[in-house]
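> First the structure, then my questions, so here it is.
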Amino acid sequence: MTQVNKKLEQVTVLFAGDSGDGIQLTGTQFTTNTALYGNDLSTFPDFPAEIRAPLGTIAGVSGFQIHFGSVDIYTPGDLCDVLVVMNAAALKKNLSRLKERGTIILNTSGFDKRNLRLAGIEEGQNPLINHSLEGFKVHEFDITKLTRECLKESSLGAKDRDRCKNMFVLGFVYWMYNRKIDSSIDFLKTKFASKPDILEANVTVLKAGYHFADTCETFSNRFEVKPTKMPIGSYRNIIGNQATALGLIAAAHKSKLDLFYGGYPITPASDILHELAKHKNFGIKTFQAEDEIAGICAAIGASYGGDLACTASSGPGIALKGEALGLALMLEIPLVIVNVQRGGPSTGLPTKTEQSDLLQAVYGRNGEAPIPVIAAASPSDCFTMAYEACRIAIEHMTPVFLLTDGYIANGAEPWRYPKSSDLADIKLNFAKERSEEEGAYLAYKRDHKLVRQWAIPGTKGVEHRLGGLEKDKETGNVSYEPENHEYMVKIRAEKVARIADFIPKQELDSGSDESKLLVVGWGSTYGAIKTVVRELAREGVDVAHAHIKYIQPMPNNLGEILANFDKILIPEMNNGQLIKLIRDQYLVDAKPLNKIKGVPFEAREIKAGILNMLKQ
Amino acid sequence: MAEAKDIQEEVQKLTAKDFVSDQDIRWCPGCGDYSILKQVQSVMPELGIPKEDIVFISGIGCSSRFPYYMNTFGMHSIHGRATAIASGLKAARPDLSVWLITGDGDSLSIGGNHLIHLLRRNFNLNILLFNNQIYGLTKGQYSPTSELGKKTKSTPMGSIDHPFNPLALCMGAESTFVARALDREPKHLRNILMRAEQHQGTSLVEIYQNCNIFNDGAFGGFTDKQVKKENSLYLEHGQPLVFGAKEDKGVILDGFEPRIVDLTSGEFAKEDLWIHDEKCRNKANILTRFFDDPSSENALPRPFGIFYQEDRFCYEEALYEQLDTVMKLKGAPNLDKLLAGSNTWEVE
């Protein structure tokens, strides 16, 4: 069977099915394969908060979108070219996300009477027979039946056999895009090393899906998406939370400190704990505490003892940590706090993404309590910024907030990973032993950066007491002196402000001072903004883009950059938070563009916002 | 070796004075905390631990000012969380001698959760729980150990909160060292402190402490000369449970029920009594239930001393054992390998 390969520049595929259909695994497998093939890519897993959401219902639909291409890719794609659906609910939920004349690959056994009813599709409205899919290219097969056929001889029970059907889909899609299936076979061999019958069944079905696509003659051609031209280097695929964990490990390793992680499981931050727990040969102490407060307090104790300490959580957990954050700030000890943001307030939307904890990070404590805040812009950037968070925390003796969000924490992209020797050195400033002749140790004496020493227990001659009460500016003893308190409040603020001298200058990601409009973003909106700004440039519309990664303090030159533009647009996945900080600090008339739907911006939404502002 | 010897010599030279910090003590005159501070300062030199390896960590409350007065490392942290902070410190630094200072509000109310989890994990550290059955620092509200009906500013009609029995709670939380002492029995307190430090695991010492401002005499039944011997039972491992001004009363265990017997009638001799065994969890559970109001009829005497001691692995031991195991299994860390992961490709 010889088919012509049709070349495509970029493709977006959305896999969707019931929570139990193995959609996330199918998606991550296709992602690994695509990355190894050399395509640039971006993914967006989207799953229900419930572990076993009601079977067959819209609420129970799990999705995994991947956008890959031979060109640079910065977002998981707006609308998709191919929609793979395992049941009626998945189709009903996602059909509006499919491009006109897009392709649907559909499992007919997910459209029986029961599934239609569970999906809330009225009798007579079955999309397989009511012609509603006529505008699309539909390829329908009974994937469940085909899977069962392949496994006639298998020793597995009926339930386990049916669970292999995602491999049929994966094989099928591999064939469509002219891919080898080896990476998935290797994966299955590792995953099911101790379960040979399950391994065999999965491999059989994967191959069957691949061959079926070849022989069923449903396609007149296969598709080819050539590898992307990327900068020279070594690459791997990386997920945001994994990158955050690696950044922490790398910083501990480089600074020759033990890494301590204290935390409490919470969506979508738990994977950081899971990843760290995998690499205990790096001497990582992971401590699953009894609650969020104990998580950060244990980290404070470990940092006081001289470990590089970290805690991670999401909005509600961060709220619980508030008082301890104030203590860490008063103690002036290093601590990294990762907030993998999700939809709020309260429990909010645990599995959905949002950027609505920025003001919580900047202001959310009692008293005058400045803490440096930085934010990652993409899955791989989580590595860079986690490393930076550790560097700032250690070199400036302060708690540091790292903001990521559910979108980049679970999303994946290719990563040109660094060599350990390329990573910046981290300077430690431990107090040294002192003899009595040297006089009393001054625990809060500061250097030119206004930073005190890290004076850990076990160091002879530097015994001192500290705590949450206001402290004397030098000894650290309790002080209620009015002058001293005002001085300490100002010095703590100045200490954080001076970090601006030790971070990179703000650069324009695209455009120039001459551009007609500046888009200012932060965090995970990076990809969508970049995609739009490039697209507009191709269309002859000159727009600049600055992406702020250091939010507190902001880069020293940000004010100058902002002053060059009459029109500034700030897209955020919240009700307008960075914009408050920018307006406050720079008195510029920036305009907001907000999306608060639990899902990332689509490039077209930002494009509309820019064009609209340009018209005014 | 020479270095170790030097350290030892230096440690031997330490006296109680070396543990007195330069800070003025701000507890109310007459507060029971003074006596406890003095005993702790005098016990320290006997531990044989260099001063710089000792850390006092406290939460919030009157007793939590304690670290400021010790010339060691110290942290006066936040309300109820000293337990969690000390856990992290011990995980990072098993080499340190960590002393946790807390009160009945700090550890049993706002910090109740962390206390029980610390006890079950059994980090090797010492908790001194100053129980004065009142909130002192906030000026006199009832606490989770105040007796039922307690009239305070926040309970003008009397408290309707059933109080905790702190040591029964600790037994329930899988504590490995449970003891009770009194601010007014310094010698006994010192002995208990020594035993607490020697115990490998979390040592919980409840110390009855008189708040002479807001709850004066709360423990008078166990401290007033006229009555204390009638109401208090001093536990000694391997010894019968004897009490009373003339050591004329004993306790026997009748099935599961403790019963007071008269040692003067000739019916019971000391050999017939309940022999204290600090290794016996079941008996310790019953002993912690000796919690009667001393003024009530047929009240069981309140025990002081070590109720229970168990040798169980400490959290930090297990933690480092796991790290060693995985290090042997996976080999020394290689950051470049970790960053590369298992699937990479080259762009040339």
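Just so we're on the same page: first chain in the structure tokens is A, next is B, and so on; residues restart at 1 for each chain, and ligands are numbered from 1 in the order they show up.
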Residues of segment 158-362 of chain A classed as strand (DSSP E or B) by DSSP on the backbone are to be reported as a ChimeraX atom specification.

/A:221-224,233-239,259-263,285-288,308-313,335-341,343,349

> How would the residues just picked look written out with C-alpha atoms as a PDB file, in the first residue's frame?


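New file part.pdb:
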```pdb
ATOM      1  CA  ASN A 221      -2.399   9.929   1.890  1.00  0.00           C
ATOM      2  CA  ARG A 222      -0.307  10.141   5.044  1.00  0.00           C
ATOM      3  CA  PHE A 223       0.881  13.409   6.498  1.00  0.00           C
ATOM      4  CA  GLU A 224       4.367  14.550   7.129  1.00  0.00           C
ATOM      5  CA  GLY A 233      22.013  21.627  21.050  1.00  0.00           C
ATOM      6  CA  SER A 234      20.767  18.635  22.982  1.00  0.00           C
ATOM      7  CA  TYR A 235      17.029  18.431  23.467  1.00  0.00           C
ATOM      8  CA  ARG A 236      14.501  16.553  25.500  1.00  0.00           C
ATOM      9  CA  ASN A 237      10.817  16.858  26.150  1.00  0.00           C
ATOM     10  CA  ILE A 238       9.856  18.478  29.464  1.00  0.00           C
ATOM     11  CA  ILE A 239       6.690  19.100  31.500  1.00  0.00           C
ATOM     12  CA  LEU A 259      17.526  20.042  49.186  1.00  0.00           C
ATOM     13  CA  PHE A 260      14.613  19.870  51.609  1.00  0.00           C
ATOM     14  CA  TYR A 261      11.047  19.914  50.325  1.00  0.00           C
ATOM     15  CA  GLY A 262       8.171  20.273  52.758  1.00  0.00           C
ATOM     16  CA  GLY A 263       4.712  20.172  51.263  1.00  0.00           C
ATOM     17  CA  LYS A 285      14.646  15.120  51.704  1.00  0.00           C
ATOM     18  CA  THR A 286      10.978  15.178  50.763  1.00  0.00           C
ATOM     19  CA  PHE A 287       8.660  15.637  53.707  1.00  0.00           C
ATOM     20  CA  GLN A 288       4.939  15.124  53.147  1.00  0.00           C
ATOM     21  CA  LEU A 308      18.103  24.708  50.590  1.00  0.00           C
ATOM     22  CA  ALA A 309      14.436  24.542  51.519  1.00  0.00           C
ATOM     23  CA  CYS A 310      11.395  24.702  49.334  1.00  0.00           C
ATOM     24  CA  THR A 311       7.652  24.296  49.507  1.00  0.00           C
ATOM     25  CA  ALA A 312       5.128  24.231  46.696  1.00  0.00           C
ATOM     26  CA  SER A 313       1.380  24.542  46.612  1.00  0.00           C
ATOM     27  CA  LEU A 335      13.137  29.757  51.169  1.00  0.00           C
ATOM     28  CA  VAL A 336      11.545  29.028  47.800  1.00  0.00           C
ATOM     29  CA  ILE A 337       7.760  28.977  47.585  1.00  0.00           C
ATOM     30  CA  VAL A 338       6.282  27.692  44.340  1.00  0.00           C
ATOM     31  CA  ASN A 339       2.670  28.548  43.586  1.00  0.00           C
ATOM     32  CA  VAL A 340       1.299  26.475  40.723  1.00  0.00           C
ATOM     33  CA  GLN A 341      -1.714  28.703  40.259  1.00  0.00           C
ATOM     34  CA  GLY A 343      -8.642  28.894  39.260  1.00  0.00           C
ATOM     35  CA  LEU A 349     -11.234  25.308  39.738  1.00  0.00           C
TER      36      LEU A 349
END
```

> For Gly30 of chain B, work out the shell of residues within 10 Å, counting only C-alpha atoms and skipping chain neighbours fewer than 2 positions away, then give it as a list in words.

Trp27, Cys28, Gly32, Asp33, Tyr34, Ser35, Asn210, Cys211, Asn212 and Ile213 of chain B

> Next, the residues of the selection above should be written as a PDB file, in the first residue's frame with N, CA and C atoms.


```pdb
ATOM      1  N   TRP B  27       8.991  37.719  82.259  1.00  0.00           N
ATOM      2  CA  TRP B  27       7.825  37.054  82.828  1.00  0.00           C
ATOM      3  C   TRP B  27       7.397  37.798  84.093  1.00  0.00           C
ATOM      4  N   CYS B  28       6.131  37.633  84.480  1.00  0.00           N
ATOM      5  CA  CYS B  28       5.634  38.287  85.678  1.00  0.00           C
ATOM      6  C   CYS B  28       6.413  37.763  86.891  1.00  0.00           C
ATOM      7  N   GLY B  32       5.779  30.598  87.375  1.00  0.00           N
ATOM      8  CA  GLY B  32       6.409  29.281  87.458  1.00  0.00           C
ATOM      9  C   GLY B  32       7.486  29.071  86.397  1.00  0.00           C
ATOM     10  N   ASP B  33       7.452  29.899  85.339  1.00  0.00           N
ATOM     11  CA  ASP B  33       8.435  29.744  84.261  1.00  0.00           C
ATOM     12  C   ASP B  33       9.864  29.949  84.753  1.00  0.00           C
ATOM     13  N   TYR B  34      10.042  30.815  85.751  1.00  0.00           N
ATOM     14  CA  TYR B  34      11.393  31.092  86.251  1.00  0.00           C
ATOM     15  C   TYR B  34      12.070  29.812  86.730  1.00  0.00           C
ATOM     16  N   SER B  35      11.303  29.041  87.488  1.00  0.00           N
ATOM     17  CA  SER B  35      11.861  27.819  88.067  1.00  0.00           C
ATOM     18  C   SER B  35      12.238  26.837  86.954  1.00  0.00           C
ATOM     19  N   ASN B 210       2.535  27.127  87.385  1.00  0.00           N
ATOM     20  CA  ASN B 210       1.577  28.034  88.013  1.00  0.00           C
ATOM     21  C   ASN B 210       1.606  29.411  87.351  1.00  0.00           C
ATOM     22  N   CYS B 211       0.418  29.876  86.911  1.00  0.00           N
ATOM     23  CA  CYS B 211       0.295  31.251  86.444  1.00  0.00           C
ATOM     24  C   CYS B 211      -0.286  32.027  87.618  1.00  0.00           C
ATOM     25  N   ASN B 212       0.580  32.766  88.324  1.00  0.00           N
ATOM     26  CA  ASN B 212       0.126  33.409  89.559  1.00  0.00           C
ATOM     27  C   ASN B 212      -0.738  34.630  89.303  1.00  0.00           C
ATOM     28  N   ILE B 213      -0.849  35.054  88.066  1.00  0.00           N
ATOM     29  CA  ILE B 213      -1.675  36.219  87.742  1.00  0.00           C
ATOM     30  C   ILE B 213      -3.095  35.799  87.357  1.00  0.00           C
TER      31      ILE B 213
END
```

> Of the candidates A:Ile185, A:Asn410, A:Cys80, A:Tyr387, which one gets nearest to Gln24 of chain A if we count only C-alpha atoms?

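Closest candidate: A:Asn410.
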
> Identify, with DSSP run on backbone atoms, the residues in segment 62-254 of chain A assigned to helix (DSSP H, G or I), and express the list as a PyMOL selection string.

chain A and resi 88-97+108-111+113-118+143-150+158-162+165-176+182-191+196-215+240-254

> Which residues of chain A have any atom within 7 Å of an atom in chain B when counting only C-alpha atoms, and what is the closest pair of atoms for each, with the distance in Å to one decimal? Order the rows by chain and rising number and write it as CSV.


```
residue,atom,partner,partner_atom,distance
A:Leu36,CA,B:Trp345,CA,6.1
A:Met230,CA,B:Val347,CA,6.8
A:Pro231,CA,B:Val347,CA,6.9
A:Ile232,CA,B:Val347,CA,4.9
A:Gly233,CA,B:Val347,CA,5.3
A:Ser234,CA,B:Glu346,CA,4.6
A:Tyr235,CA,B:Trp345,CA,5.3
A:Arg236,CA,B:Thr344,CA,4.6
A:Ala250,CA,B:Leu335,CA,6.8
A:Lys280,CA,B:Leu323,CA,5.9
A:Asn281,CA,B:Met327,CA,4.5
A:Phe282,CA,B:Pro333,CA,5.2
A:Gly283,CA,B:Leu323,CA,6.0
A:Glu290,CA,B:His117,CA,6.9
A:Ala294,CA,B:Ala84,CA,5.1
A:Cys297,CA,B:Ile85,CA,4.8
A:Ala298,CA,B:Gly88,CA,3.8
A:Ala299,CA,B:Gly88,CA,5.8
A:Ile300,CA,B:Ile85,CA,6.2
A:Gly301,CA,B:Leu89,CA,4.2
A:Ala302,CA,B:Leu89,CA,4.4
A:Tyr304,CA,B:Leu89,CA,6.9
A:Gly305,CA,B:Leu89,CA,5.6
A:Asp307,CA,B:Ala92,CA,6.3
A:Tyr417,CA,B:Leu339,CA,6.5
A:Lys419,CA,B:Asp336,CA,6.0
A:Ser420,CA,B:Asp336,CA,5.7
A:Pro457,CA,B:Asp53,CA,6.0
A:Gly458,CA,B:Asp53,CA,4.6
A:Thr459,CA,B:Glu52,CA,6.0
A:Lys460,CA,B:Glu52,CA,5.3
A:Glu463,CA,B:Phe73,CA,4.8
A:His464,CA,B:Phe73,CA,5.2
A:Arg465,CA,B:Gly74,CA,4.5
A:Leu466,CA,B:Met75,CA,5.0
A:Gly467,CA,B:His76,CA,4.3
A:Gly468,CA,B:Ser77,CA,5.8
```

> I need the residue nearest Ala251 of chain A from this list: A:Val519, A:Val225, A:Ile548, A:Ile284. Use only C-alpha atoms for the distance.

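Residue with the minimum atom-to-atom distance to Ala251 of chain A: A:Ile284.
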
> Using only C-alpha atoms, which of the listed residues (A:Glu438, A:Glu149, A:Glu332, A:Glu140) sits closest to Leu83 of chain A?

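Checking each candidate against Leu83 of chain A, we get A:Glu140 as the closest.
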
> Which residues, written as a list of chain:residue names, have at least one atom at most 10 Å from Tyr586 of chain A, with only C-alpha atoms counted and residues fewer than 2 positions away on the same chain left out?

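Within the cut-off, the hits are A:Leu558, A:Gly559, A:Glu560, A:Leu562, A:Ala563, A:Leu581, A:Ile582, A:Arg583, A:Asp584, A:Val588, A:Asp589, A:Ala590.
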
> In terms of the shortest atom-to-atom distance over only C-alpha atoms, which of B:Tyr315, B:Ile286, B:Lys13, B:Pro29 is closest to Ile49 of chain B?

B:Lys13

> Skipping near chain neighbours, those fewer than 2 positions away, what residues fall within 9 Å of Arg604 of chain A using only C-alpha atoms, listed as a PyMOL selection string?

chain A and resi 78+528+532+601-602+606-609

> Show me, as a list in words, the residues that have an atom within 10 Å of Thr288 of chain B when counting only C-alpha atoms, minus same-chain residues fewer than 4 positions from it.

Asn165, Pro166, Leu167, Ala168, Leu169, Cys170, Met171, Val178, Ala179, Arg180, Lys283, Ala284, Arg302, Pro303, Phe304, Phe307 and Tyr308 of chain B

> Go ahead and save the residues from that selection, with N, CA and C atoms, as a PDB file, in the first residue's frame.


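result-v1.pdb, written as the output of this step:
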```pdb
ATOM      1  N   ASN B 165      -7.103  15.807  78.208  1.00  0.00           N
ATOM      2  CA  ASN B 165      -6.181  15.149  79.115  1.00  0.00           C
ATOM      3  C   ASN B 165      -4.894  15.022  78.277  1.00  0.00           C
ATOM      4  N   PRO B 166      -3.945  15.931  78.460  1.00  0.00           N
ATOM      5  CA  PRO B 166      -2.823  16.018  77.502  1.00  0.00           C
ATOM      6  C   PRO B 166      -2.041  14.719  77.341  1.00  0.00           C
ATOM      7  N   LEU B 167      -1.769  14.035  78.434  1.00  0.00           N
ATOM      8  CA  LEU B 167      -0.928  12.847  78.304  1.00  0.00           C
ATOM      9  C   LEU B 167      -1.685  11.680  77.668  1.00  0.00           C
ATOM     10  N   ALA B 168      -2.997  11.608  77.919  1.00  0.00           N
ATOM     11  CA  ALA B 168      -3.790  10.569  77.257  1.00  0.00           C
ATOM     12  C   ALA B 168      -3.796  10.843  75.749  1.00  0.00           C
ATOM     13  N   LEU B 169      -3.862  12.123  75.400  1.00  0.00           N
ATOM     14  CA  LEU B 169      -3.818  12.508  73.984  1.00  0.00           C
ATOM     15  C   LEU B 169      -2.483  12.071  73.371  1.00  0.00           C
ATOM     16  N   CYS B 170      -1.409  12.293  74.093  1.00  0.00           N
ATOM     17  CA  CYS B 170      -0.081  11.943  73.574  1.00  0.00           C
ATOM     18  C   CYS B 170       0.069  10.431  73.430  1.00  0.00           C
ATOM     19  N   MET B 171      -0.468   9.684  74.378  1.00  0.00           N
ATOM     20  CA  MET B 171      -0.439   8.224  74.237  1.00  0.00           C
ATOM     21  C   MET B 171      -1.202   7.819  72.983  1.00  0.00           C
ATOM     22  N   VAL B 178       6.490   9.709  77.534  1.00  0.00           N
ATOM     23  CA  VAL B 178       5.443  10.540  78.115  1.00  0.00           C
ATOM     24  C   VAL B 178       5.745  10.740  79.596  1.00  0.00           C
ATOM     25  N   ALA B 179       5.891  12.002  79.994  1.00  0.00           N
ATOM     26  CA  ALA B 179       6.237  12.267  81.386  1.00  0.00           C
ATOM     27  C   ALA B 179       5.513  13.515  81.882  1.00  0.00           C
ATOM     28  N   ARG B 180       5.412  13.613  83.229  1.00  0.00           N
ATOM     29  CA  ARG B 180       4.819  14.814  83.816  1.00  0.00           C
ATOM     30  C   ARG B 180       5.703  15.280  84.976  1.00  0.00           C
ATOM     31  N   LYS B 283      -0.555  -0.267  80.628  1.00  0.00           N
ATOM     32  CA  LYS B 283      -0.583   0.331  81.967  1.00  0.00           C
ATOM     33  C   LYS B 283      -0.418   1.853  81.875  1.00  0.00           C
ATOM     34  N   ALA B 284       0.446   2.281  80.948  1.00  0.00           N
ATOM     35  CA  ALA B 284       0.648   3.724  80.781  1.00  0.00           C
ATOM     36  C   ALA B 284      -0.661   4.388  80.361  1.00  0.00           C
ATOM     37  N   ARG B 302      -2.707  11.931  91.295  1.00  0.00           N
ATOM     38  CA  ARG B 302      -2.196  12.368  89.988  1.00  0.00           C
ATOM     39  C   ARG B 302      -0.743  11.891  89.856  1.00  0.00           C
ATOM     40  N   PRO B 303      -0.430  11.100  88.829  1.00  0.00           N
ATOM     41  CA  PRO B 303       0.944  10.593  88.714  1.00  0.00           C
ATOM     42  C   PRO B 303       1.911  11.654  88.171  1.00  0.00           C
ATOM     43  N   PHE B 304       3.141  11.612  88.655  1.00  0.00           N
ATOM     44  CA  PHE B 304       4.244  12.436  88.127  1.00  0.00           C
ATOM     45  C   PHE B 304       5.417  11.510  87.861  1.00  0.00           C
ATOM     46  N   PHE B 307       5.676   8.079  82.546  1.00  0.00           N
ATOM     47  CA  PHE B 307       4.565   7.138  82.379  1.00  0.00           C
ATOM     48  C   PHE B 307       4.955   6.021  81.418  1.00  0.00           C
ATOM     49  N   TYR B 308       5.670   6.429  80.358  1.00  0.00           N
ATOM     50  CA  TYR B 308       5.882   5.480  79.267  1.00  0.00           C
ATOM     51  C   TYR B 308       7.148   5.814  78.516  1.00  0.00           C
TER      52      TYR B 308
END
```

> For Leu118 of chain A, work out the shell of residues within 8 Å, counting only C-alpha atoms and skipping chain neighbours fewer than 4 positions away, then give it as a list of chain:residue names.

A:Leu55, A:Gly56, A:Thr57, A:Ile58, A:Ala89, A:Arg114

> Write a file of the just-selected residues containing C-alpha atoms, as a CSV table (one decimal), in the first residue's frame.


```
chain,number,residue,atom,x,y,z
A,55,LEU,CA,-18.6,7.4,33.2
A,56,GLY,CA,-19.7,8.6,29.7
A,57,THR,CA,-20.8,12.1,30.8
A,58,ILE,CA,-19.6,15.5,29.6
A,89,ALA,CA,-19.6,13.0,25.3
A,114,ARG,CA,-26.2,4.3,26.8
```
